[in-house]
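To start, the structure under review is shown below, and the notes come after it.
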Amino acid sequence: MKESRSKHRILILGASGFIGNAIYKELCSYFNTFGTYNTARREFEENHHFFQYNVEEDDVFEIFEAIRPTIIISALRGDFSAQVVAHNHMAEYILATNARLFFISSANVFDAYSQFPSYELDKTLSHSIYGHFKIKIENMLMRLPKKQIAILRLPMVFGTQSPRIKEIKQLLHDKAPIEVFPNLIMNVTTDSKITQQIHYLINRNKYGIYHLGSSDLVYHNDFTKEIISSIGLYNPIFKQVYTTNNDRYLAVLPKENLLPKHLQVLSKQILTELEV
């Protein structure tokens with residue numbers, strides 16, 4: 001353990017968010033791990049490994065100078081243009097050091113393609129502001145030395161404490177309609193699986209583009225109904241949202257960079273994990 005602790009200084013930008021905090025909890029026992037938070041909360045203020053950082057107001061270089069990270073994991077949220085500036089600064093730091101950057105991206109970089117699932121080397125194209133933003137940062141990072149960059153594209157992420165599950169539970173409690181997309185074919189994952197996968201990628205010095213979703217595909221409405229039945233006995237009200245008359249895909253599947261079997265996941269395993 002001492003050996004691995006001295007091996008890396010890891011900085012997680014956005015470590016107070018759902019995914020960032022899950023990554024912090026996975027890595028902090030094995031590496032010298034630091035994180036940033038935006039909104040003041042006692043648990044972060046009292047943890048000397050956490051730094052307050054507002055992406056719109058603060059200069060990330062100050063945190064780099066204080067920590068000297070060998071690995072940066074970007075799970076930032078917030079203003080898109082401020083994030084672009086911050087990632088520019090990360091790129092400068094990467095070029096000046098041998099540090100590595102893991103960027104949490106999204107299946108939305110492919111949301112303009114609806115007829116097929118997307119693989120690592122497919123050309124990105126998006127119709128959404130969010131997808132455009134993620135593509136902009138991906139393109140910036142791809143100009144850096146390739147062995148220092150890992151781009152991790154995620155599909156919909158679930159977990160017992162995930163915003164999506166909390167929202168579903170709140171809507172069930174309020175007897176309010178839950179939006180489902182009957183024609184949307186997607187893959188899914190959980191925070192716990194992502195954190196295991198990232199841990200593996202760090203240990204094995206991996207780089208490149210990774211698609212970290214389930215190996216199988218599900219319909220959004222079917223999966224949502226299965227989630228609700230795993231939560232408990234409810235009579236949910238569904239609001240069916242049709243964006244197209246045809247099936248459309250928003251799924252990121254691996255072809256080039258396959259992870260070991262124990263790090264792959266199926267949608268039914270995710271449902272089992274969500275049962276409470």
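Ordered as shown in the structure tokens, chains take letters A, B, and onward, while each chain numbers its residues from 1 and ligands are numbered from 1 in the order shown.
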
Distance query Leu13 (chain A) at most 7 Å, only C-alpha atoms, self and fewer than 5 positions along chain excluded, as JSON, numbers by chain: {"A": [35, 36, 73, 74, 75, 76]}

Keeping N, CA and C atoms for every residue in the selection just given, could you write it to a file as a tab-separated table (two decimals), in the first residue's frame?
```
chain	number	residue	atom	x	y	z
A	35	GLY	N	-9.18	16.50	-3.90
A	35	GLY	CA	-10.37	16.83	-4.67
A	35	GLY	C	-10.72	18.30	-4.54
A	36	THR	N	-11.60	18.75	-5.44
A	36	THR	CA	-12.11	20.12	-5.32
A	36	THR	C	-13.61	20.06	-5.07
A	73	ILE	N	-8.16	14.01	-12.75
A	73	ILE	CA	-9.43	13.45	-13.24
A	73	ILE	C	-10.43	14.59	-13.28
A	74	SER	N	-10.92	14.90	-14.48
A	74	SER	CA	-11.85	16.02	-14.63
A	74	SER	C	-13.28	15.52	-14.65
A	75	ALA	N	-13.97	15.77	-13.52
A	75	ALA	CA	-15.40	15.46	-13.43
A	75	ALA	C	-16.15	16.75	-13.12
A	76	LEU	N	-15.66	17.85	-13.71
A	76	LEU	CA	-16.22	19.18	-13.44
A	76	LEU	C	-17.64	19.32	-13.98
```

Distance query Ser118 (chain A) at most 7 Å, only C-alpha atoms, self and fewer than 5 positions along chain excluded, as a VMD selection string: chain A and resid 110 251 to 253

Nearest residue to Val265 (chain A) from the set A:Gln197, A:His220, A:Gly20, A:Ile228 (distances using only C-alpha atoms): A:Gln197

Pro236 (chain A) environment, 10 Å, only C-alpha atoms, sequence neighbours closer than 2 positions dropped, as a list in words: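 Listing them by chain and then by number gives Ile168, Leu171, Leu172, His173, Lys175, Ala176, Pro177, Ile178, Lys225, Ile228, Ser229, Leu233, Tyr234, Phe238 and Lys239 of chain A.
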
Picked from region 74-272 of chain A by DSSP as strand (DSSP E or B), as number ranges by chain: A: 74, 100-106, 118, 149-154, 156-158, 178-180, 184-186, 188-190, 208-211, 218-219, 238-240, 248-250, 252

Selected residues written out, N, CA and C atoms, as a short mmCIF file (atom, residue, chain, number, x, y, z; two decimals), in the first residue's frame:
```
data_model
loop_
_atom_site.label_atom_id
_atom_site.label_comp_id
_atom_site.auth_asym_id
_atom_site.auth_seq_id
_atom_site.Cartn_x
_atom_site.Cartn_y
_atom_site.Cartn_z
N SER A 74 -10.92 14.90 -14.48
CA SER A 74 -11.85 16.02 -14.63
C SER A 74 -13.28 15.52 -14.65
N ARG A 100 -0.91 12.97 -16.28
CA ARG A 100 -1.93 12.39 -17.16
C ARG A 100 -3.30 12.95 -16.79
N LEU A 101 -4.16 13.04 -17.79
CA LEU A 101 -5.50 13.59 -17.58
C LEU A 101 -6.55 12.57 -18.00
N PHE A 102 -7.49 12.31 -17.10
CA PHE A 102 -8.66 11.48 -17.39
C PHE A 102 -9.85 12.43 -17.48
N PHE A 103 -10.47 12.49 -18.65
CA PHE A 103 -11.59 13.41 -18.87
C PHE A 103 -12.89 12.63 -18.94
N ILE A 104 -13.84 12.98 -18.07
CA ILE A 104 -15.15 12.33 -18.08
C ILE A 104 -16.00 12.97 -19.17
N SER A 105 -16.21 12.24 -20.25
CA SER A 105 -17.03 12.73 -21.36
C SER A 105 -18.38 12.01 -21.35
N SER A 106 -19.08 12.06 -22.47
CA SER A 106 -20.47 11.61 -22.47
C SER A 106 -20.85 10.98 -23.81
N SER A 118 -22.50 3.78 -30.93
CA SER A 118 -21.24 4.43 -31.31
C SER A 118 -20.05 3.75 -30.65
N ILE A 149 -3.33 11.16 -22.08
CA ILE A 149 -4.76 11.50 -22.09
C ILE A 149 -5.63 10.24 -22.16
N ALA A 150 -6.68 10.21 -21.32
CA ALA A 150 -7.72 9.18 -21.44
C ALA A 150 -9.07 9.89 -21.47
N ILE A 151 -9.86 9.59 -22.49
CA ILE A 151 -11.20 10.15 -22.61
C ILE A 151 -12.19 9.04 -22.29
N LEU A 152 -13.01 9.27 -21.27
CA LEU A 152 -13.94 8.24 -20.78
C LEU A 152 -15.36 8.67 -21.11
N ARG A 153 -15.97 8.03 -22.09
CA ARG A 153 -17.35 8.40 -22.48
C ARG A 153 -18.34 7.54 -21.72
N LEU A 154 -19.26 8.21 -21.04
CA LEU A 154 -20.23 7.52 -20.19
C LEU A 154 -21.63 7.61 -20.78
N MET A 156 -25.87 6.86 -19.61
CA MET A 156 -26.61 7.25 -18.40
C MET A 156 -26.03 6.50 -17.20
N VAL A 157 -25.77 7.25 -16.13
CA VAL A 157 -25.16 6.67 -14.93
C VAL A 157 -26.20 6.59 -13.81
N PHE A 158 -26.32 5.38 -13.24
CA PHE A 158 -27.24 5.18 -12.13
C PHE A 158 -26.47 4.80 -10.88
N ILE A 178 -43.49 10.53 -14.74
CA ILE A 178 -42.08 10.25 -15.00
C ILE A 178 -41.90 10.15 -16.51
N GLU A 179 -40.99 10.97 -17.05
CA GLU A 179 -40.76 10.97 -18.50
C GLU A 179 -40.02 9.71 -18.93
N VAL A 180 -40.55 9.05 -19.96
CA VAL A 180 -39.84 7.93 -20.57
C VAL A 180 -39.80 8.14 -22.08
N LEU A 184 -35.99 5.25 -27.40
CA LEU A 184 -34.57 5.45 -27.13
C LEU A 184 -33.90 4.15 -26.69
N ILE A 185 -32.90 3.72 -27.47
CA ILE A 185 -32.10 2.54 -27.13
C ILE A 185 -30.76 3.03 -26.61
N MET A 186 -30.39 2.57 -25.42
CA MET A 186 -29.19 3.13 -24.77
C MET A 186 -28.45 2.02 -24.03
N VAL A 188 -26.17 1.62 -20.18
CA VAL A 188 -26.24 2.23 -18.86
C VAL A 188 -25.02 1.79 -18.03
N THR A 189 -24.81 2.45 -16.90
CA THR A 189 -23.76 2.00 -15.99
C THR A 189 -24.06 2.53 -14.59
N THR A 190 -23.18 2.20 -13.64
CA THR A 190 -23.33 2.70 -12.27
C THR A 190 -22.05 3.40 -11.83
N GLY A 208 -6.04 6.72 -24.07
CA GLY A 208 -6.90 6.55 -25.25
C GLY A 208 -8.36 6.80 -24.90
N ILE A 209 -9.25 6.30 -25.74
CA ILE A 209 -10.69 6.52 -25.58
C ILE A 209 -11.34 5.24 -25.07
N TYR A 210 -12.14 5.38 -24.02
CA TYR A 210 -12.84 4.23 -23.44
C TYR A 210 -14.34 4.51 -23.38
N HIS A 211 -15.12 3.51 -23.80
CA HIS A 211 -16.57 3.58 -23.68
C HIS A 211 -16.98 2.70 -22.51
N VAL A 218 -30.55 -1.37 -23.82
CA VAL A 218 -31.90 -1.42 -23.24
C VAL A 218 -32.73 -0.27 -23.80
N TYR A 219 -34.05 -0.45 -23.80
CA TYR A 219 -34.95 0.66 -24.11
C TYR A 219 -35.13 1.51 -22.85
N PHE A 238 -46.60 7.49 -16.21
CA PHE A 238 -45.55 7.72 -17.20
C PHE A 238 -46.00 8.75 -18.23
N LYS A 239 -45.06 9.61 -18.58
CA LYS A 239 -45.30 10.55 -19.68
C LYS A 239 -44.40 10.08 -20.84
N GLN A 240 -45.02 9.57 -21.88
CA GLN A 240 -44.26 9.03 -23.02
C GLN A 240 -43.81 10.19 -23.91
N ARG A 248 -34.15 5.23 -31.88
CA ARG A 248 -32.90 5.99 -31.98
C ARG A 248 -31.93 5.51 -30.89
N TYR A 249 -30.67 5.49 -31.25
CA TYR A 249 -29.64 4.99 -30.34
C TYR A 249 -28.89 6.15 -29.68
N LEU A 250 -28.61 5.98 -28.40
CA LEU A 250 -27.64 6.83 -27.72
C LEU A 250 -26.85 5.88 -26.80
N VAL A 252 -22.86 3.98 -26.13
CA VAL A 252 -21.41 3.95 -26.39
C VAL A 252 -20.89 2.56 -26.06
#
```

Neighbour list for Ser192 (chain A) as an MDAnalysis selection string, cut-off 8 Å, only C-alpha atoms, skip fewer than 3 positions in-chain: chainID A and resid 22 159 195:196

Pick from A:Ala91, A:Ile23, A:Leu11, A:Met140 nearest to Ile198 (chain A), counting only C-alpha atoms: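 Smallest separation from Ile198 (chain A) among the options: A:Ile23.
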
Proximity to Phe51 (chain A) - best of A:Leu271, A:Val85, A:Ile71, A:Ala66, only C-alpha atoms: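 For Phe51 (chain A), the nearest of the candidates is A:Ala66.
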
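Separating CA of Ile194 (chain A) from CA of Gln115 (chain A) is a distance of 26.0 Å.
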
Which of region 14-107 of chain A DSSP labels alpha helix (DSSP H), written as a PyMOL selection string: chain A and resi 18-27+42-45+60-67+80-96

Near-Leu95 (chain A) list (12 Å; only C-alpha atoms; drop same-chain fewer than 2 positions) as a VMD selection string: chain A and resid 88 to 93 97 to 101 141 143 to 149

Could you save those same residues with N, CA and C atoms as a short mmCIF file (atom, residue, chain, number, x, y, z; two decimals), in the first residue's frame?
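Saved as out_33.cif:
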```
data_model
loop_
_atom_site.label_atom_id
_atom_site.label_comp_id
_atom_site.auth_asym_id
_atom_site.auth_seq_id
_atom_site.Cartn_x
_atom_site.Cartn_y
_atom_site.Cartn_z
N ASN A 88 -8.21 24.25 -20.90
CA ASN A 88 -7.03 24.84 -21.57
C ASN A 88 -5.85 24.88 -20.61
N HIS A 89 -6.12 25.29 -19.37
CA HIS A 89 -5.08 25.36 -18.34
C HIS A 89 -4.58 23.95 -18.00
N MET A 90 -5.49 22.99 -17.96
CA MET A 90 -5.07 21.60 -17.72
C MET A 90 -4.14 21.13 -18.83
N ALA A 91 -4.48 21.49 -20.07
CA ALA A 91 -3.64 21.10 -21.22
C ALA A 91 -2.25 21.68 -21.09
N GLU A 92 -2.17 22.93 -20.65
CA GLU A 92 -0.85 23.57 -20.46
C GLU A 92 -0.05 22.84 -19.38
N TYR A 93 -0.73 22.46 -18.30
CA TYR A 93 -0.06 21.75 -17.21
C TYR A 93 0.43 20.37 -17.70
N THR A 97 4.41 18.99 -17.84
CA THR A 97 4.78 17.93 -16.90
C THR A 97 4.55 16.57 -17.59
N ASN A 98 4.78 15.51 -16.86
CA ASN A 98 4.44 14.18 -17.36
C ASN A 98 3.10 13.70 -16.81
N ALA A 99 2.31 14.63 -16.30
CA ALA A 99 1.03 14.26 -15.70
C ALA A 99 0.08 13.70 -16.76
N ARG A 100 -0.91 12.97 -16.28
CA ARG A 100 -1.93 12.39 -17.16
C ARG A 100 -3.30 12.95 -16.79
N LEU A 101 -4.16 13.04 -17.79
CA LEU A 101 -5.50 13.59 -17.58
C LEU A 101 -6.55 12.57 -18.00
N LEU A 141 -8.09 18.05 -26.17
CA LEU A 141 -7.23 17.06 -25.50
C LEU A 141 -6.55 16.13 -26.49
N ARG A 143 -5.15 16.83 -29.08
CA ARG A 143 -3.94 17.44 -29.65
C ARG A 143 -2.73 17.29 -28.71
N LEU A 144 -2.99 16.76 -27.52
CA LEU A 144 -1.91 16.57 -26.53
C LEU A 144 -1.23 15.22 -26.75
N PRO A 145 -0.05 14.99 -26.14
CA PRO A 145 0.60 13.68 -26.28
C PRO A 145 -0.35 12.56 -25.87
N LYS A 146 -0.55 11.61 -26.76
CA LYS A 146 -1.65 10.65 -26.56
C LYS A 146 -1.49 9.78 -25.33
N LYS A 147 -0.25 9.52 -24.90
CA LYS A 147 -0.04 8.66 -23.73
C LYS A 147 -0.39 9.36 -22.42
N GLN A 148 -0.71 10.66 -22.49
CA GLN A 148 -1.04 11.40 -21.28
C GLN A 148 -2.54 11.67 -21.14
N ILE A 149 -3.33 11.16 -22.08
CA ILE A 149 -4.76 11.50 -22.09
C ILE A 149 -5.63 10.24 -22.16
#
```

Ser267 (chain A) surroundings by only C-alpha atoms, 9 Å radius, close-in-sequence under 5 positions cut, as a ChimeraX atom specification: /A:187-189,214-218,223,272

Distance in Å - CA of Ala15 (chain A) versus CA of Leu259 (chain A): 24.4 Å

At a cut-off of 10 Å, using only C-alpha atoms, what residues contact region 129-133 of chain A? Leave out same-chain residues fewer than 6 positions from it and give the result as a PDB file with N, CA, C and O atoms, in the first residue's frame.
```
ATOM      1  N   PHE A  80     -20.124  26.226 -19.133  1.00  0.00           N
ATOM      2  CA  PHE A  80     -19.370  25.545 -20.189  1.00  0.00           C
ATOM      3  C   PHE A  80     -18.147  26.341 -20.637  1.00  0.00           C
ATOM      4  O   PHE A  80     -17.061  25.796 -20.798  1.00  0.00           O
ATOM      5  N   SER A  81     -18.316  27.653 -20.837  1.00  0.00           N
ATOM      6  CA  SER A  81     -17.170  28.437 -21.327  1.00  0.00           C
ATOM      7  C   SER A  81     -16.074  28.506 -20.272  1.00  0.00           C
ATOM      8  O   SER A  81     -14.878  28.462 -20.598  1.00  0.00           O
ATOM      9  N   GLN A  83     -15.468  26.138 -18.142  1.00  0.00           N
ATOM     10  CA  GLN A  83     -14.835  24.805 -18.172  1.00  0.00           C
ATOM     11  C   GLN A  83     -13.838  24.685 -19.327  1.00  0.00           C
ATOM     12  O   GLN A  83     -12.792  24.050 -19.180  1.00  0.00           O
ATOM     13  N   VAL A  84     -14.156  25.290 -20.450  1.00  0.00           N
ATOM     14  CA  VAL A  84     -13.232  25.251 -21.599  1.00  0.00           C
ATOM     15  C   VAL A  84     -11.912  25.927 -21.217  1.00  0.00           C
ATOM     16  O   VAL A  84     -10.824  25.406 -21.486  1.00  0.00           O
ATOM     17  N   SER A 105     -16.213  12.239 -20.250  1.00  0.00           N
ATOM     18  CA  SER A 105     -17.025  12.735 -21.356  1.00  0.00           C
ATOM     19  C   SER A 105     -18.378  12.012 -21.352  1.00  0.00           C
ATOM     20  O   SER A 105     -18.765  11.420 -20.334  1.00  0.00           O
ATOM     21  N   SER A 106     -19.076  12.065 -22.472  1.00  0.00           N
ATOM     22  CA  SER A 106     -20.473  11.611 -22.474  1.00  0.00           C
ATOM     23  C   SER A 106     -20.853  10.977 -23.810  1.00  0.00           C
ATOM     24  O   SER A 106     -20.296  11.315 -24.860  1.00  0.00           O
ATOM     25  N   ALA A 107     -21.845  10.106 -23.758  1.00  0.00           N
ATOM     26  CA  ALA A 107     -22.421   9.541 -24.989  1.00  0.00           C
ATOM     27  C   ALA A 107     -23.005  10.641 -25.870  1.00  0.00           C
ATOM     28  O   ALA A 107     -23.179  10.449 -27.076  1.00  0.00           O
ATOM     29  N   ASN A 108     -23.279  11.807 -25.279  1.00  0.00           N
ATOM     30  CA  ASN A 108     -23.874  12.908 -26.048  1.00  0.00           C
ATOM     31  C   ASN A 108     -22.977  13.461 -27.145  1.00  0.00           C
ATOM     32  O   ASN A 108     -23.443  14.222 -27.996  1.00  0.00           O
ATOM     33  N   VAL A 109     -21.693  13.086 -27.142  1.00  0.00           N
ATOM     34  CA  VAL A 109     -20.833  13.528 -28.254  1.00  0.00           C
ATOM     35  C   VAL A 109     -21.274  12.865 -29.564  1.00  0.00           C
ATOM     36  O   VAL A 109     -20.821  13.244 -30.638  1.00  0.00           O
ATOM     37  N   PHE A 110     -22.179  11.887 -29.456  1.00  0.00           N
ATOM     38  CA  PHE A 110     -22.706  11.191 -30.651  1.00  0.00           C
ATOM     39  C   PHE A 110     -24.205  11.411 -30.834  1.00  0.00           C
ATOM     40  O   PHE A 110     -24.838  10.681 -31.587  1.00  0.00           O
ATOM     41  N   ASP A 111     -24.789  12.406 -30.148  1.00  0.00           N
ATOM     42  CA  ASP A 111     -26.257  12.441 -30.156  1.00  0.00           C
ATOM     43  C   ASP A 111     -26.875  12.867 -31.491  1.00  0.00           C
ATOM     44  O   ASP A 111     -28.092  12.829 -31.658  1.00  0.00           O
ATOM     45  N   ALA A 112     -26.045  13.234 -32.458  1.00  0.00           N
ATOM     46  CA  ALA A 112     -26.584  13.517 -33.798  1.00  0.00           C
ATOM     47  C   ALA A 112     -26.738  12.227 -34.610  1.00  0.00           C
ATOM     48  O   ALA A 112     -27.403  12.211 -35.648  1.00  0.00           O
TER      49      ALA A 112
END
```

Top pick for closest residue to Met142 (chain A), considering A:Tyr207, A:Phe31, A:Phe18, A:Tyr24 and counting only C-alpha atoms: A:Tyr207

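Between CA of Arg77 (chain A) and CA of Gln161 (chain A) the separation is 17.5 Å.
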
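Take the candidates A:Tyr113, A:Tyr242, A:Tyr200, A:Tyr37 and check each one against Leu125 (chain A) using only C-alpha atoms; the shortest distance goes to A:Tyr113.
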
Residue with smallest distance to Pro163 (chain A) - pool A:Ala96, A:Ala40, A:Ile19, A:Ile67, counting only C-alpha atoms: A:Ile19
